[in-house]
file model.cif (mmCIF, C-alpha atoms)
data_upload
loop_
_atom_site.label_atom_id
_atom_site.label_comp_id
_atom_site.auth_asym_id
_atom_site.auth_seq_id
_atom_site.Cartn_x
_atom_site.Cartn_y
_atom_site.Cartn_z
CA MET C 1 -86.95 -75.68 55.50
CA GLN C 2 -85.03 -76.85 58.55
CA THR C 3 -83.17 -74.04 60.34
CA ASP C 4 -80.88 -76.09 62.57
CA SER C 5 -78.55 -78.63 61.05
CA PRO C 6 -77.48 -81.60 63.20
CA ALA C 7 -74.02 -80.04 63.67
CA VAL C 8 -75.55 -76.82 65.04
CA ARG C 9 -77.97 -78.65 67.33
CA SER C 10 -75.20 -80.80 68.82
CA LYS C 11 -73.16 -77.79 69.91
CA PRO C 12 -73.57 -76.69 73.52
CA ARG C 13 -75.32 -73.38 74.08
CA LEU C 14 -72.20 -71.83 75.54
CA GLN C 15 -70.24 -72.68 72.41
CA ARG C 16 -72.94 -71.21 70.18
CA LEU C 17 -72.94 -68.07 72.35
CA ALA C 18 -69.15 -67.81 72.02
CA GLU C 19 -69.39 -68.19 68.25
CA ALA C 20 -72.11 -65.52 68.09
CA LEU C 21 -69.91 -63.16 70.14
CA MET C 22 -67.05 -63.84 67.73
CA VAL C 23 -69.29 -62.95 64.78
CA LEU C 24 -70.40 -59.72 66.47
CA ALA C 25 -66.81 -58.79 67.36
CA LEU C 26 -65.62 -59.45 63.82
CA ALA C 27 -68.52 -57.51 62.33
CA GLY C 28 -67.83 -54.60 64.67
CA MET C 29 -64.15 -54.63 63.69
CA VAL C 30 -64.92 -54.72 59.98
CA ILE C 31 -67.39 -51.85 60.24
CA ALA C 32 -65.07 -49.72 62.39
CA VAL C 33 -62.05 -50.27 60.16
CA PHE C 34 -64.03 -49.82 56.93
CA VAL C 35 -65.60 -46.58 58.11
CA ASN C 36 -62.21 -45.25 59.19
CA VAL C 37 -60.57 -46.20 55.88
CA VAL C 38 -63.31 -44.45 53.92
CA LEU C 39 -63.13 -41.39 56.16
CA ARG C 40 -59.35 -41.27 55.90
CA TYR C 41 -59.03 -41.60 52.15
CA VAL C 42 -62.15 -39.74 51.04
CA PHE C 43 -62.60 -37.06 53.69
CA HIS C 44 -59.03 -36.89 55.15
CA THR C 45 -60.28 -37.44 58.69
CA SER C 46 -60.99 -40.39 60.99
CA ILE C 47 -62.80 -41.37 64.14
CA VAL C 48 -60.08 -42.05 66.68
CA SER C 49 -62.35 -44.03 68.99
CA TYR C 50 -62.92 -46.62 66.25
CA GLU C 51 -59.27 -47.63 66.47
CA GLU C 52 -59.60 -48.34 70.19
CA ILE C 53 -62.85 -50.21 69.65
CA SER C 54 -61.42 -52.42 66.90
CA ARG C 55 -58.28 -53.15 68.94
CA LEU C 56 -60.34 -54.18 71.98
CA LEU C 57 -62.68 -56.30 69.86
CA PHE C 58 -59.70 -58.03 68.24
CA VAL C 59 -58.24 -59.00 71.62
CA TRP C 60 -61.56 -60.50 72.70
CA LEU C 61 -62.07 -62.20 69.32
CA VAL C 62 -58.73 -63.98 69.62
CA ALA C 63 -59.36 -65.04 73.23
CA ILE C 64 -62.84 -66.42 72.57
CA GLY C 65 -61.68 -68.02 69.31
CA ALA C 66 -58.87 -69.85 71.10
CA ILE C 67 -61.33 -71.26 73.63
CA VAL C 68 -63.73 -72.41 70.90
CA ALA C 69 -60.87 -74.00 68.93
CA ALA C 70 -59.67 -75.84 72.04
CA PHE C 71 -63.20 -77.02 72.78
CA GLU C 72 -63.48 -78.42 69.25
CA GLY C 73 -59.95 -79.87 69.25
CA SER C 74 -59.02 -77.64 66.32
CA HIS C 75 -55.69 -76.28 67.53
CA LEU C 76 -52.60 -77.38 65.67
CA GLY C 77 -51.17 -80.63 66.93
CA PHE C 78 -47.68 -82.06 66.78
CA ASP C 79 -47.71 -85.86 66.78
CA LEU C 80 -44.21 -86.72 65.56
CA VAL C 81 -43.45 -88.47 68.84
CA THR C 82 -46.88 -89.75 69.87
CA SER C 83 -47.55 -91.40 66.52
CA ARG C 84 -44.43 -93.55 66.94
CA VAL C 85 -44.95 -94.88 70.47
CA GLY C 86 -47.26 -97.47 71.93
CA PRO C 87 -50.65 -96.82 73.53
CA ALA C 88 -49.31 -96.71 77.10
CA ALA C 89 -46.58 -94.19 76.24
CA ARG C 90 -49.07 -92.18 74.18
CA LYS C 91 -51.43 -91.97 77.16
CA LEU C 92 -48.56 -90.93 79.46
CA LEU C 93 -47.49 -88.24 76.99
CA PHE C 94 -51.08 -87.01 76.73
CA TRP C 95 -51.31 -86.65 80.50
CA LEU C 96 -47.93 -84.91 80.71
CA SER C 97 -48.82 -82.47 77.95
CA GLN C 98 -52.19 -81.67 79.54
CA LEU C 99 -50.54 -81.09 82.92
CA LEU C 100 -48.07 -78.73 81.22
CA VAL C 101 -50.99 -76.89 79.61
CA LEU C 102 -52.63 -76.58 83.04
CA ALA C 103 -49.40 -75.22 84.52
CA CYS C 104 -49.06 -72.66 81.69
CA MET C 105 -52.69 -71.63 82.02
CA GLY C 106 -52.21 -71.27 85.77
CA LEU C 107 -49.35 -68.85 85.09
CA LEU C 108 -51.47 -67.01 82.51
CA LEU C 109 -54.36 -66.82 84.97
CA SER C 110 -52.12 -65.42 87.70
CA GLY C 111 -50.51 -62.85 85.39
CA SER C 112 -53.83 -61.87 83.84
CA TRP C 113 -55.37 -61.33 87.25
CA GLY C 114 -52.51 -58.97 88.11
CA GLN C 115 -53.03 -57.10 84.82
CA VAL C 116 -56.77 -56.81 85.46
CA GLN C 117 -56.12 -55.37 88.92
CA ALA C 118 -53.56 -52.91 87.54
CA GLY C 119 -55.88 -51.97 84.68
CA LEU C 120 -58.72 -50.98 86.98
CA ASN C 121 -56.93 -47.70 87.70
CA SER C 122 -55.67 -47.11 84.14
CA PHE C 123 -57.93 -45.85 81.39
CA SER C 124 -57.80 -45.84 77.61
CA THR C 125 -56.67 -42.64 75.98
CA VAL C 126 -59.72 -41.83 73.86
CA LEU C 127 -62.78 -43.64 75.20
CA GLY C 128 -61.70 -43.77 78.84
CA TYR C 129 -62.70 -47.38 79.51
CA PRO C 130 -60.64 -49.22 82.15
CA LEU C 131 -57.73 -51.09 80.58
CA ALA C 132 -58.76 -54.03 82.75
CA LEU C 133 -61.37 -54.72 80.06
CA GLY C 134 -58.64 -55.70 77.59
CA ALA C 135 -56.66 -57.64 80.18
CA ALA C 136 -59.79 -59.54 81.18
CA ALA C 137 -59.73 -61.28 77.79
CA THR C 138 -56.62 -63.26 78.74
CA LEU C 139 -58.17 -63.99 82.12
CA VAL C 140 -61.22 -65.46 80.38
CA LEU C 141 -58.92 -67.30 77.96
CA ALA C 142 -57.00 -68.91 80.82
CA VAL C 143 -60.17 -70.01 82.62
CA GLY C 144 -61.70 -71.36 79.40
CA LEU C 145 -58.60 -73.35 78.46
CA ILE C 146 -58.30 -74.72 82.01
CA LEU C 147 -61.90 -75.96 81.78
CA VAL C 148 -61.31 -77.54 78.36
CA THR C 149 -58.09 -79.19 79.57
CA LEU C 150 -59.82 -80.57 82.67
CA ARG C 151 -62.59 -81.93 80.43
CA ASP C 152 -60.01 -83.63 78.22
CA LEU C 153 -58.22 -85.09 81.26
CA ARG C 154 -61.51 -86.43 82.59
CA ARG C 155 -62.18 -88.06 79.21
CA GLY C 156 -58.63 -89.34 78.96
CA ALA C 157 -58.35 -87.98 75.41
CA PRO C 158 -58.62 -84.67 73.57
CA ALA C 159 -61.71 -83.71 71.61
CA ASP C 160 -62.01 -85.44 68.26
CA ASN C 161 -61.38 -83.18 65.31
CA HIS C 162 -63.41 -84.57 62.42
CA ALA C 163 -62.03 -81.99 59.99
CA GLU C 164 -58.49 -83.27 60.41
CA THR C 165 -56.35 -83.34 57.33
CA SER C 166 -53.01 -85.01 56.88
CA VAL C 167 -50.11 -84.18 54.66
CA GLU C 168 -48.08 -87.14 53.51
#
call {"tool": "encode", "arguments": {"input": "model.cif", "output": "structure tokens"}}
result
Amino acid sequence: MQTDSPAVRSKPRLQRLAEALMVLALAGMVIAVFVNVVLRYVFHTSIVSYEEISRLLFVWLVAIGAIVAAFEGSHLGFDLVTSRVGPAARKLLFWLSQLLVLACMGLLLSGSWGQVQAGLNSFSTVLGYPLALGAAATLVLAVGLILVTLRDLRRGAPADNHAETSVE
């Protein structure tokens, strides 16, 4: 029995690591929430720290998931304009949109860095971890999306999404 399919082998290690971290974060969230629901409804108590843990894991899950989706070209696309113009205009619009994404990610990076610095001296209510840990997720998100956008600009096209569906 073959353990690695061709699709799994063709993924970069960093992408597989990100996907594994997403699985762990989701599993941690499910366990924390499930345990708290059972404790609340059966024993009329809860573990307050589980709420903080699941909230922090959710923030990181979304950030890493957005990077993976961008890497795979799986984010929603709007091609009403680009599907109706010629190849030269389409390429120009691609470059303009990617430069806008870079500008937005630059703003996100700058703001996230400020939040990380501010969060170093603020701590969560229950567990006492620095709030910079939550803010760092958007910092990582900005860096990851900048790298994906630069990759797409170097290629001259976004990543192909083979699972694309169309509604007609």
call {"tool": "resolve_selection", "arguments": {"input": "model.cif", "expression": "the PyMOL selection byres ((chain C and resi 124) around 12)", "output": "list in words"}}
result
Val48, Ser49, Glu51, Glu52, Ile53, Arg55, Leu56, Gly119, Leu120, Asn121, Ser122, Phe123, Thr125, Val126, Leu127, Gly128, Tyr129, Pro130, Leu131, Ala132, Leu133 and Gly134 of chain C
call {"tool": "write_last_selection", "arguments": {"input": "model.cif", "atoms": "C-alpha atoms", "output": "PDB file, keeping the file's coordinate frame"}}
result
ATOM      1  CA  VAL C  48     -60.080 -42.050  66.680  1.00  0.00           C
ATOM      2  CA  SER C  49     -62.350 -44.030  68.990  1.00  0.00           C
ATOM      3  CA  GLU C  51     -59.270 -47.630  66.470  1.00  0.00           C
ATOM      4  CA  GLU C  52     -59.600 -48.340  70.190  1.00  0.00           C
ATOM      5  CA  ILE C  53     -62.850 -50.210  69.650  1.00  0.00           C
ATOM      6  CA  ARG C  55     -58.280 -53.150  68.940  1.00  0.00           C
ATOM      7  CA  LEU C  56     -60.340 -54.180  71.980  1.00  0.00           C
ATOM      8  CA  GLY C 119     -55.880 -51.970  84.680  1.00  0.00           C
ATOM      9  CA  LEU C 120     -58.720 -50.980  86.980  1.00  0.00           C
ATOM     10  CA  ASN C 121     -56.930 -47.700  87.700  1.00  0.00           C
ATOM     11  CA  SER C 122     -55.670 -47.110  84.140  1.00  0.00           C
ATOM     12  CA  PHE C 123     -57.930 -45.850  81.390  1.00  0.00           C
ATOM     13  CA  THR C 125     -56.670 -42.640  75.980  1.00  0.00           C
ATOM     14  CA  VAL C 126     -59.720 -41.830  73.860  1.00  0.00           C
ATOM     15  CA  LEU C 127     -62.780 -43.640  75.200  1.00  0.00           C
ATOM     16  CA  GLY C 128     -61.700 -43.770  78.840  1.00  0.00           C
ATOM     17  CA  TYR C 129     -62.700 -47.380  79.510  1.00  0.00           C
ATOM     18  CA  PRO C 130     -60.640 -49.220  82.150  1.00  0.00           C
ATOM     19  CA  LEU C 131     -57.730 -51.090  80.580  1.00  0.00           C
ATOM     20  CA  ALA C 132     -58.760 -54.030  82.750  1.00  0.00           C
ATOM     21  CA  LEU C 133     -61.370 -54.720  80.060  1.00  0.00           C
ATOM     22  CA  GLY C 134     -58.640 -55.700  77.590  1.00  0.00           C
TER      23      GLY C 134
END
call {"tool": "atom_distance", "arguments": {"input": "model.cif", "atom1": "CA of Leu139 in chain C", "atom2": "CA of Met105 in chain C"}}
result
9.4 Å
call {"tool": "resolve_selection", "arguments": {"input": "model.cif", "expression": "the PyMOL selection byres ((chain C and resi 7-22) around 9)", "output": "ChimeraX atom specification"}}
result
/C:4-6,23-27,57,60-62,64-65,67-68,71
call {"tool": "atom_distance", "arguments": {"input": "model.cif", "atom1": "CA of Val59 in chain C", "atom2": "CA of Ile31 in chain C"}}
result
16.3 Å
call {"tool": "resolve_selection", "arguments": {"input": "model.cif", "expression": "the PyMOL selection byres ((chain C and resi 146-156) around 12)", "output": "ChimeraX atom specification"}}
result
/C:15,66-73,90-109,139-145,157-160
call {"tool": "closest_residue", "arguments": {"input": "model.cif", "among": "C:Pro87, C:Gly77, C:Ala136, C:Phe58", "to": "Gly111 in chain C", "atoms": "all atoms listed in the file"}}
result
C:Ala136
call {"tool": "atom_distance", "arguments": {"input": "model.cif", "atom1": "CA of Ser74 in chain C", "atom2": "CA of Ala32 in chain C"}}
result
28.8 Å
call {"tool": "build_atoms", "arguments": {"input": "model.cif", "residues": "range 76-87 of chain C", "atoms": "all heavy atoms", "output": "PDB file, in the coordinates of the input"}}
result
ATOM      1  N   LEU C  76     -53.629 -76.598  66.338  1.00  0.00           N
ATOM      2  CA  LEU C  76     -52.600 -77.380  65.670  1.00  0.00           C
ATOM      3  C   LEU C  76     -52.013 -78.403  66.622  1.00  0.00           C
ATOM      4  O   LEU C  76     -51.809 -78.114  67.792  1.00  0.00           O
ATOM      5  CB  LEU C  76     -51.478 -76.462  65.165  1.00  0.00           C
ATOM      6  CG  LEU C  76     -51.833 -75.540  64.014  1.00  0.00           C
ATOM      7  CD1 LEU C  76     -50.661 -74.616  63.726  1.00  0.00           C
ATOM      8  CD2 LEU C  76     -52.191 -76.330  62.784  1.00  0.00           C
ATOM      9  N   GLY C  77     -51.758 -79.576  66.113  1.00  0.00           N
ATOM     10  CA  GLY C  77     -51.170 -80.630  66.930  1.00  0.00           C
ATOM     11  C   GLY C  77     -49.852 -81.096  66.339  1.00  0.00           C
ATOM     12  O   GLY C  77     -49.633 -81.032  65.130  1.00  0.00           O
ATOM     13  N   PHE C  78     -48.993 -81.571  67.194  1.00  0.00           N
ATOM     14  CA  PHE C  78     -47.680 -82.060  66.780  1.00  0.00           C
ATOM     15  C   PHE C  78     -47.595 -83.503  67.278  1.00  0.00           C
ATOM     16  O   PHE C  78     -47.476 -83.748  68.473  1.00  0.00           O
ATOM     17  CB  PHE C  78     -46.592 -81.186  67.409  1.00  0.00           C
ATOM     18  CG  PHE C  78     -45.204 -81.600  67.065  1.00  0.00           C
ATOM     19  CD1 PHE C  78     -44.690 -81.343  65.811  1.00  0.00           C
ATOM     20  CD2 PHE C  78     -44.414 -82.241  68.000  1.00  0.00           C
ATOM     21  CE1 PHE C  78     -43.405 -81.717  65.486  1.00  0.00           C
ATOM     22  CE2 PHE C  78     -43.128 -82.608  67.680  1.00  0.00           C
ATOM     23  CZ  PHE C  78     -42.617 -82.345  66.426  1.00  0.00           C
ATOM     24  N   ASP C  79     -47.677 -84.462  66.361  1.00  0.00           N
ATOM     25  CA  ASP C  79     -47.710 -85.860  66.780  1.00  0.00           C
ATOM     26  C   ASP C  79     -46.519 -86.673  66.282  1.00  0.00           C
ATOM     27  O   ASP C  79     -46.604 -87.885  66.166  1.00  0.00           O
ATOM     28  CB  ASP C  79     -49.017 -86.511  66.346  1.00  0.00           C
ATOM     29  CG  ASP C  79     -49.139 -86.633  64.844  1.00  0.00           C
ATOM     30  OD1 ASP C  79     -48.308 -86.061  64.122  1.00  0.00           O
ATOM     31  OD2 ASP C  79     -50.076 -87.320  64.398  1.00  0.00           O
ATOM     32  N   LEU C  80     -45.394 -86.024  66.030  1.00  0.00           N
ATOM     33  CA  LEU C  80     -44.210 -86.720  65.560  1.00  0.00           C
ATOM     34  C   LEU C  80     -43.786 -87.805  66.543  1.00  0.00           C
ATOM     35  O   LEU C  80     -43.426 -88.904  66.139  1.00  0.00           O
ATOM     36  CB  LEU C  80     -43.062 -85.725  65.341  1.00  0.00           C
ATOM     37  CG  LEU C  80     -41.750 -86.327  64.838  1.00  0.00           C
ATOM     38  CD1 LEU C  80     -41.934 -86.825  63.409  1.00  0.00           C
ATOM     39  CD2 LEU C  80     -40.643 -85.290  64.895  1.00  0.00           C
ATOM     40  N   VAL C  81     -43.862 -87.503  67.823  1.00  0.00           N
ATOM     41  CA  VAL C  81     -43.450 -88.470  68.840  1.00  0.00           C
ATOM     42  C   VAL C  81     -44.587 -89.439  69.160  1.00  0.00           C
ATOM     43  O   VAL C  81     -44.395 -90.648  69.168  1.00  0.00           O
ATOM     44  CB  VAL C  81     -42.979 -87.750  70.124  1.00  0.00           C
ATOM     45  CG1 VAL C  81     -42.667 -88.742  71.237  1.00  0.00           C
ATOM     46  CG2 VAL C  81     -41.766 -86.881  69.828  1.00  0.00           C
ATOM     47  N   THR C  82     -45.786 -88.900  69.417  1.00  0.00           N
ATOM     48  CA  THR C  82     -46.880 -89.750  69.870  1.00  0.00           C
ATOM     49  C   THR C  82     -47.350 -90.749  68.828  1.00  0.00           C
ATOM     50  O   THR C  82     -47.893 -91.797  69.178  1.00  0.00           O
ATOM     51  CB  THR C  82     -48.083 -88.905  70.336  1.00  0.00           C
ATOM     52  OG1 THR C  82     -48.497 -88.064  69.266  1.00  0.00           O
ATOM     53  CG2 THR C  82     -47.732 -88.083  71.553  1.00  0.00           C
ATOM     54  N   SER C  83     -47.132 -90.451  67.558  1.00  0.00           N
ATOM     55  CA  SER C  83     -47.550 -91.400  66.520  1.00  0.00           C
ATOM     56  C   SER C  83     -46.585 -92.585  66.404  1.00  0.00           C
ATOM     57  O   SER C  83     -46.908 -93.561  65.747  1.00  0.00           O
ATOM     58  CB  SER C  83     -47.658 -90.681  65.166  1.00  0.00           C
ATOM     59  OG  SER C  83     -46.379 -90.226  64.748  1.00  0.00           O
ATOM     60  N   ARG C  84     -45.443 -92.506  67.055  1.00  0.00           N
ATOM     61  CA  ARG C  84     -44.430 -93.550  66.940  1.00  0.00           C
ATOM     62  C   ARG C  84     -44.232 -94.366  68.213  1.00  0.00           C
ATOM     63  O   ARG C  84     -43.313 -95.160  68.296  1.00  0.00           O
ATOM     64  CB  ARG C  84     -43.101 -92.928  66.520  1.00  0.00           C
ATOM     65  CG  ARG C  84     -43.124 -92.446  65.084  1.00  0.00           C
ATOM     66  CD  ARG C  84     -41.927 -91.580  64.764  1.00  0.00           C
ATOM     67  NE  ARG C  84     -41.779 -91.293  63.344  1.00  0.00           N
ATOM     68  CZ  ARG C  84     -42.523 -90.454  62.650  1.00  0.00           C
ATOM     69  NH1 ARG C  84     -43.515 -89.841  63.253  1.00  0.00           N
ATOM     70  NH2 ARG C  84     -42.307 -90.228  61.375  1.00  0.00           N
ATOM     71  N   VAL C  85     -45.079 -94.129  69.211  1.00  0.00           N
ATOM     72  CA  VAL C  85     -44.950 -94.880  70.470  1.00  0.00           C
ATOM     73  C   VAL C  85     -46.209 -95.716  70.679  1.00  0.00           C
ATOM     74  O   VAL C  85     -47.224 -95.528  70.008  1.00  0.00           O
ATOM     75  CB  VAL C  85     -44.729 -93.926  71.669  1.00  0.00           C
ATOM     76  CG1 VAL C  85     -43.417 -93.180  71.529  1.00  0.00           C
ATOM     77  CG2 VAL C  85     -45.884 -92.963  71.848  1.00  0.00           C
ATOM     78  N   GLY C  86     -46.131 -96.603  71.619  1.00  0.00           N
ATOM     79  CA  GLY C  86     -47.260 -97.470  71.930  1.00  0.00           C
ATOM     80  C   GLY C  86     -48.360 -96.752  72.682  1.00  0.00           C
ATOM     81  O   GLY C  86     -48.198 -95.608  73.106  1.00  0.00           O
ATOM     82  N   PRO C  87     -49.486 -97.436  72.877  1.00  0.00           N
ATOM     83  CA  PRO C  87     -50.650 -96.820  73.530  1.00  0.00           C
ATOM     84  C   PRO C  87     -50.357 -96.348  74.963  1.00  0.00           C
ATOM     85  O   PRO C  87     -50.828 -95.281  75.367  1.00  0.00           O
ATOM     86  CB  PRO C  87     -51.707 -97.914  73.539  1.00  0.00           C
ATOM     87  CG  PRO C  87     -51.264 -98.912  72.537  1.00  0.00           C
ATOM     88  CD  PRO C  87     -49.784 -98.785  72.393  1.00  0.00           C
TER      89      PRO C  87
END
